[in-house]
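Beneath this line is the structure, given in C-alpha cells, with notes to follow.
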Amino acid sequence: MITHTTRTLIITSLLLLASCSEQVRKDAKSNSSYNDINQSDINTVLDNWHLAAAKGDLERYIGAMTEGAIFMGTDEHERWTRAELRVYAEPHFADGHGWTYTPRDRFIRTNAYGDVAWVDETLDHDRYGVLRGTAVLRENGEVWKIAHYSLTFLIPNEHVGDVMRVIGVASE
C-alpha cells in the first residue's frame, strides 16, 4: 500500500523530472541558434567541395566528406561510400579536371543543436543542365563535413511521360 507521503514524493519527483526535461529542451534551443546559425561555414564547405571537383583536387574533394559518407549519383547504381567514390573519381581527376556543378541557389536548415544541416541546392552543369543536390552535413569540433550527398536531374513535369518511356516505366 502506498502511503500519502510516498505518493507525494513520487508525484513531486515526476514533476521535477518533467520540469528539468523541459528546461533542457528550452536550453538546447536557446543555446543554439536554431536555423539562425552562421551558414557561411556550410556554404564554404559546399562551395569548396564543388570547386575541388572542378579542379580535380581529389584530396580536398574526398576530405570534405565524413568517413562514413555516402554519395548518390544520378544513375540507379551510383551509391558510393567515400572510399568507393574516391576510386571512381581518381581517374576522372587525374588530369586536374573533374566535373563542374555551379550552385545557383541553396537552402540550409539545421537541427536545434546546430550540428546537423540539411541542404538542397540547384546546380548548373554545362552538359546536364539544371540539377538538384541534396546534402546532410555534420559538424564535429567546429568543422562541417558532408555525410550524405544526392544528385538528381530536374525533369519538367511536361516531360515526365517522355522520361518514363525512355526508362521503360510507361508504354508507348
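Ordered as shown in the C-alpha cells, chains take letters A, B, and onward, while each chain numbers its residues from 1 and ligands are numbered from 1 in the order shown.
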>> Would you pick out the contacts of A:Met65 at 8 Å or less, using only C-alpha atoms, so that residues sharing its chain but fewer than 4 positions from it are not included, and give the list as a PyMOL selection string?
In response: chain A and resi 61+69+82+145-147
> Which polymer residues have any atom within 6 Å of an atom of A:Val136, counting only C-alpha atoms, with same-chain residues fewer than 3 positions away left out, as a PyMOL selection string?
Replying inline: chain A and resi 117-118+147-148
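For the atom pair formed by atom CA of A:Asp47 and atom CA of A:Leu151, the distance is 15.2 Å, given to one decimal.
Minimum atom-to-atom distances from A:Met164, A:Trp144, A:Gly56, A:Ala170 to A:Ser40 were compared using only C-alpha atoms, and the lowest value belongs to A:Trp144.
Between atom CA of A:Thr110 and atom CA of A:Glu142 there is a distance of 14.6 Å.
Atom to atom, atom CA of A:Val160 and atom CA of A:Arg104 stand 23.0 Å apart.
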>> Using only C-alpha atoms, can you tell me which of A:Trp49, A:Glu67, A:Glu139, A:Asp41 comes closest to A:Tyr113?
In response: A:Glu139
